[in-house]
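Q: This is the structure, below, for whatever I ask next.
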Amino acid sequence: MIDISTHYAGLNLKNPLIVSSSGLTNNAVRNKELEKAGAGAIVLKSLFEEQIEMHSDSLMQDSDFPEAADYIRGYIKANQLNTYIELIKKTKDLCTIPIIASINCYKADVWTEFAHQIQEAGADAIELNVFSLETDLVYENDKLRNNYVSILRKIKETVSIPVIVKLGKYVDNLPALVHALKHNGADGVVLFNRFYQPDIDINTMQIVSGNVFSNHADLGDTLRWAAIISGKVPGIDVSSSTGVHDWEDVVKCLLAGSTTVQMCSSVYNQGSEIISQVITCLEEWMQQTQYRSIDEFRGKLNYANIPDPGMYERAQFMKYFSNRD
Ligand SMILES: Cc1cc2nc3c(=O)[nH]c(=O)nc-3n(C[C@H](O)[C@H](O)[C@H](O)COP(=O)(O)O)c2cc1C
């Protein structure tokens with residue numbers, strides 16, 4: 001009997017496959033369909049700090065009445081939050097799998113009041129999607145890490161449900177950051193968020209949106225960091241995200257040490273059937289390889305368990321094309 005259940009950040013999942021935060025998870029009825037397709041958990045679309053602020057500011061740009069502006073900003077905020085709270089409640093009413101709320105934030109102060117309401121609405125955990133792309137020329141040591149930690153600590157003070165931090169790739173010492181997050185109460189990390197990709201239209205000379213969807217080539221960094229973090233920072237769960245497109249990618253992430261694996265682009269492109277396909281193929285692979293549970297092979301090829309962990313740290317091509325002119 002094969003058991004594909006897993007424990008992730010304090011939650012019990014029937015399988016390690018999570019549908020990641022996106023427009024796919026913005027509707028309770030659709031979330032039920034994702035559950036029916038076999039998802040082990042769902043991360044709801046993020047509630048964006050930036051979005052709320054921009055929305056209220058754009059409405060209030062020309063106002064001559066600052067008090068009215070404050071009132072309306074407060075109203076819009078509450079309204080956005082109510083819509084999100086409704087999404088959590090309706091999804092929880094329809095689904096039995098864990099439902100993870102997601103909040104996108106970049107400051108430590110604004111979100112704490114919302115986190116409590118999100119918990120009250122029934123979310124099983126919170127994924128903190130902390131957006132940060134450092135471009136300052138004068139680099140303040142530890143600024144980024146301190147910001148992440150202070151957001152996490154404020155949220156942890158406010159809620160008792162698990163808090164997971166979703167990170168982008170552009171962090172200068174990821175193990176040190178994850179280590180700090182772990183010591184400040186993070187229950188898991190999602191590696192990685194895939195940021196909006198800019199492109200340039202050379203005909204219109206405009207900056208345009210690049211491909212919003214990932215592809216297989218994105219998986220390498222996801223594997224590298226699942227392996228390094230799970231090997232070097234034990235005691236915090238890693239959920240792999242970005243570039244996971246089929247069941248083999250899922251198996252690779254688990255071998256690299258991930259506790260769960262998130263899929264987004266592939267569900268957009270192939271529909272929710274990809275979820276059941278992945279689960280079936282994962283079980284078949286376990287049958288063939290005679291693994292009875294995921295714990296039997298999870299992390300088998302992570303940084304701590306292979307003879308040459310430097311394989312995951314190799315950054316240069318040194319010898320790869322040395323025979324070519
Ligand atoms: C259309 C779209 C909307 C997304 N919205 C969110 C979001 O609201 N919050 C978030 O944390 N990530 C969001 N993401 C990022 C995904 O959750 C995921 O981390 C990323 O797409 C990489 O996974 P993938 O390679 O499986 O697509 C979005 C991605 C896409 C394509």
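Convention: chains lettered A, B, ... in structure tokens order; per-chain residue numbering from 1; ligands numbered from 1 as shown.
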Check stretch 155-204 of chain A with DSSP on the backbone and list each residue it calls helix (DSSP H, G or I), as a ChimeraX atom specification.
A: /A:155-158,174-183
Q: Only C-alpha atoms, please: the residues just picked out, written as a compact mmCIF listing (two decimals), in the first residue's frame.
A:
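This went into selection-v5.txt:
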```
# COMPACT_ATOMS: atom_id res chain seq x y z
CA ILE A 155 2.64 38.10 11.65
CA LYS A 156 3.73 35.32 14.01
CA GLU A 157 2.77 37.52 16.98
CA THR A 158 -0.69 37.96 15.46
CA LEU A 174 19.55 32.21 0.67
CA PRO A 175 20.66 29.65 3.30
CA ALA A 176 21.43 32.48 5.76
CA LEU A 177 18.05 34.07 5.11
CA VAL A 178 16.15 30.78 5.50
CA HIS A 179 18.16 30.03 8.66
CA ALA A 180 17.11 33.41 10.09
CA LEU A 181 13.48 32.84 9.09
CA LYS A 182 13.49 29.42 10.72
CA HIS A 183 14.83 30.87 13.96
```
Q: Go through the chains and note each residue within 7 Å of ligand 1, using only C-alpha atoms and all ligand atoms, then give the set as a tab-separated table (two decimals) with N, CA and C atoms, in the first residue's frame.
A:
```tsv
chain	number	residue	atom	x	y	z
A	20	SER	N	-0.36	26.53	-6.75
A	20	SER	CA	0.19	27.77	-6.17
A	20	SER	C	-0.73	28.97	-6.37
A	21	SER	N	-0.40	29.98	-5.61
A	21	SER	CA	-1.16	31.22	-5.60
A	21	SER	C	-1.18	31.84	-6.99
A	22	SER	N	-2.37	32.14	-7.49
A	22	SER	CA	-2.49	32.72	-8.84
A	22	SER	C	-3.97	32.96	-9.12
A	23	GLY	N	-4.27	33.45	-10.32
A	23	GLY	CA	-5.67	33.63	-10.71
A	23	GLY	C	-6.45	32.32	-10.70
A	45	LYS	N	-4.99	33.07	-4.27
A	45	LYS	CA	-4.41	34.26	-4.91
A	45	LYS	C	-4.01	35.25	-3.81
A	46	SER	N	-2.88	35.92	-3.99
A	46	SER	CA	-2.43	36.86	-2.96
A	46	SER	C	-3.32	38.09	-2.88
A	47	LEU	N	-3.45	38.53	-1.66
A	47	LEU	CA	-4.00	39.85	-1.41
A	47	LEU	C	-2.79	40.79	-1.41
A	102	SER	N	-2.73	33.85	1.10
A	102	SER	CA	-1.45	34.43	0.70
A	102	SER	C	-1.53	35.94	0.79
A	104	ASN	N	0.73	39.41	0.06
A	104	ASN	CA	1.91	39.96	-0.57
A	104	ASN	C	2.24	41.27	0.14
A	129	ASN	N	4.05	36.36	0.88
A	129	ASN	CA	4.75	36.55	-0.38
A	129	ASN	C	5.43	37.91	-0.30
A	166	LYS	N	7.24	32.88	1.19
A	166	LYS	CA	7.54	32.62	-0.23
A	166	LYS	C	8.60	33.62	-0.70
A	192	PHE	N	10.51	28.92	-5.56
A	192	PHE	CA	10.54	30.37	-5.48
A	192	PHE	C	9.25	30.96	-6.04
A	193	ASN	N	9.08	32.24	-5.77
A	193	ASN	CA	8.13	33.00	-6.55
A	193	ASN	C	8.81	33.35	-7.87
A	194	ARG	N	8.09	33.34	-8.95
A	194	ARG	CA	8.67	33.75	-10.23
A	194	ARG	C	8.14	35.14	-10.53
A	212	VAL	N	4.54	35.14	-18.93
A	212	VAL	CA	4.17	35.01	-17.51
A	212	VAL	C	4.35	33.58	-17.03
A	213	PHE	N	4.41	32.64	-17.98
A	213	PHE	CA	4.51	31.24	-17.58
A	213	PHE	C	5.95	30.74	-17.62
A	214	SER	N	6.24	29.85	-16.70
A	214	SER	CA	7.59	29.29	-16.65
A	214	SER	C	7.73	28.17	-17.67
A	215	ASN	N	8.92	27.63	-17.80
A	215	ASN	CA	9.11	26.43	-18.62
A	215	ASN	C	10.10	25.51	-17.90
A	241	SER	N	8.70	25.58	-5.96
A	241	SER	CA	7.83	26.24	-6.93
A	241	SER	C	8.70	26.88	-8.01
A	242	THR	N	8.24	26.85	-9.21
A	242	THR	CA	8.83	27.42	-10.43
A	242	THR	C	9.47	26.32	-11.29
A	243	GLY	N	8.85	26.15	-12.44
A	243	GLY	CA	9.39	25.23	-13.44
A	243	GLY	C	8.96	23.79	-13.26
A	244	VAL	N	8.01	23.53	-12.38
A	244	VAL	CA	7.53	22.15	-12.19
A	244	VAL	C	6.40	21.91	-13.18
A	245	HIS	N	6.63	21.05	-14.16
A	245	HIS	CA	5.65	20.90	-15.24
A	245	HIS	C	5.09	19.50	-15.40
A	262	GLN	N	4.80	22.85	-5.77
A	262	GLN	CA	3.71	23.70	-6.24
A	262	GLN	C	3.70	23.79	-7.76
A	263	MET	N	2.51	23.82	-8.32
A	263	MET	CA	2.38	23.96	-9.77
A	263	MET	C	1.43	25.10	-10.09
A	264	CYS	N	1.81	25.88	-11.09
A	264	CYS	CA	0.96	26.99	-11.51
A	264	CYS	C	0.87	27.03	-13.04
A	265	SER	N	2.01	27.35	-13.71
A	265	SER	CA	1.98	27.49	-15.18
A	265	SER	C	1.40	26.25	-15.86
A	266	SER	N	1.79	25.08	-15.38
A	266	SER	CA	1.34	23.85	-16.04
A	266	SER	C	-0.17	23.66	-15.86
```
Q: Just the number, please: distance in Å from atom CA of A:Val29 to atom CA of A:Cys95, one decimal.
A: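 According to the coordinates, atom CA of A:Val29 and atom CA of A:Cys95 are separated by 9.1 Å.
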Q: If I take atom CA of A:Asp246 and atom CA of A:Ile274, how far is one from the other in Å, to one decimal?
A: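 Atom CA of A:Asp246 sits 7.6 Å away from atom CA of A:Ile274.
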Q: Which of these residues is nearest to A:Asp295, using only C-alpha atoms: A:Leu254, A:Ser276, A:Arg224, A:Glu283?
A: A:Leu254
Q: Quick one: residues within 6 Å of A:Gly210, only C-alpha atoms counted, chain neighbours fewer than 5 positions away excluded, as JSON, numbers by chain?
A: {"A": [197, 198, 199]}
Q: Would you mind exporting N, CA and C atoms of the selected residues as a PDB file, in the first residue's frame?
A:
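Generated output (selection15.pdb):
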```
ATOM      1  N   GLN A 197       8.143  39.067 -15.644  1.00  0.00           N
ATOM      2  CA  GLN A 197       9.328  39.164 -16.505  1.00  0.00           C
ATOM      3  C   GLN A 197       9.190  40.331 -17.483  1.00  0.00           C
ATOM      4  N   PRO A 198      10.107  41.270 -17.459  1.00  0.00           N
ATOM      5  CA  PRO A 198      10.021  42.351 -18.449  1.00  0.00           C
ATOM      6  C   PRO A 198      10.584  41.910 -19.792  1.00  0.00           C
ATOM      7  N   ASP A 199      10.065  42.474 -20.866  1.00  0.00           N
ATOM      8  CA  ASP A 199      10.606  42.251 -22.202  1.00  0.00           C
ATOM      9  C   ASP A 199      10.596  43.611 -22.907  1.00  0.00           C
TER      10      ASP A 199
END
```
Q: Name the closest residue to A:Thr289 among the candidates A:Val251, A:Leu24, A:Ile236, A:Val138; distances are taken between atoms, counting only C-alpha atoms.
A: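 Counting only C-alpha atoms, the residue closest to A:Thr289 is A:Val251.
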Q: Go ahead and compute the interatomic distance for atom CA of A:Phe48 and atom CA of A:Asn147, in Å to one decimal.
A: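 Atom-to-atom, atom CA of A:Phe48 to atom CA of A:Asn147, that is 17.2 Å.
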Q: Here is a test: counting only C-alpha atoms, which residue of A:Ala121, A:Ala108, A:Ile42, A:Val238 is nearest to A:Ile164?
A: A:Val238
Q: Point out the residue among A:Ile229, A:Val267, A:Val250, A:Leu11 with the least atom-to-atom distance to A:Val163, counting only C-alpha atoms.
A: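 Ranked by minimum distance to A:Val163, first place goes to A:Leu11.
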Q: Go through A:Pro98, A:Glu86, A:Gly235, A:Val159 and flag the residue nearest A:Ala41, using only C-alpha atoms for the distances.
A: A:Pro98
Q: Using only C-alpha atoms, which of A:His116, A:Lys36, A:Lys14, A:His216 sits nearest A:Ile275?
A: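 Comparing A:His116, A:Lys36, A:Lys14, A:His216 against A:Ile275, the winner is A:Lys36.
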Q: Can you tell me, as a short mmCIF file (atom, residue, chain, number, x, y, z; two decimals) with C-alpha atoms, in the first residue's frame, what residues are no more than 6 Å from A:Leu17 when counting only C-alpha atoms, ignoring any on the same chain fewer than 2 positions away?
A:
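Okay, around.cif is ready:
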```cif
data_model
loop_
_atom_site.label_atom_id
_atom_site.label_comp_id
_atom_site.auth_asym_id
_atom_site.auth_seq_id
_atom_site.Cartn_x
_atom_site.Cartn_y
_atom_site.Cartn_z
CA ASN A 15 -0.34 14.31 -1.27
CA ALA A 39 -4.64 18.83 -5.25
CA GLY A 40 -3.17 18.20 -1.79
CA VAL A 261 5.74 20.87 -4.74
CA GLN A 262 3.71 23.70 -6.24
#
```
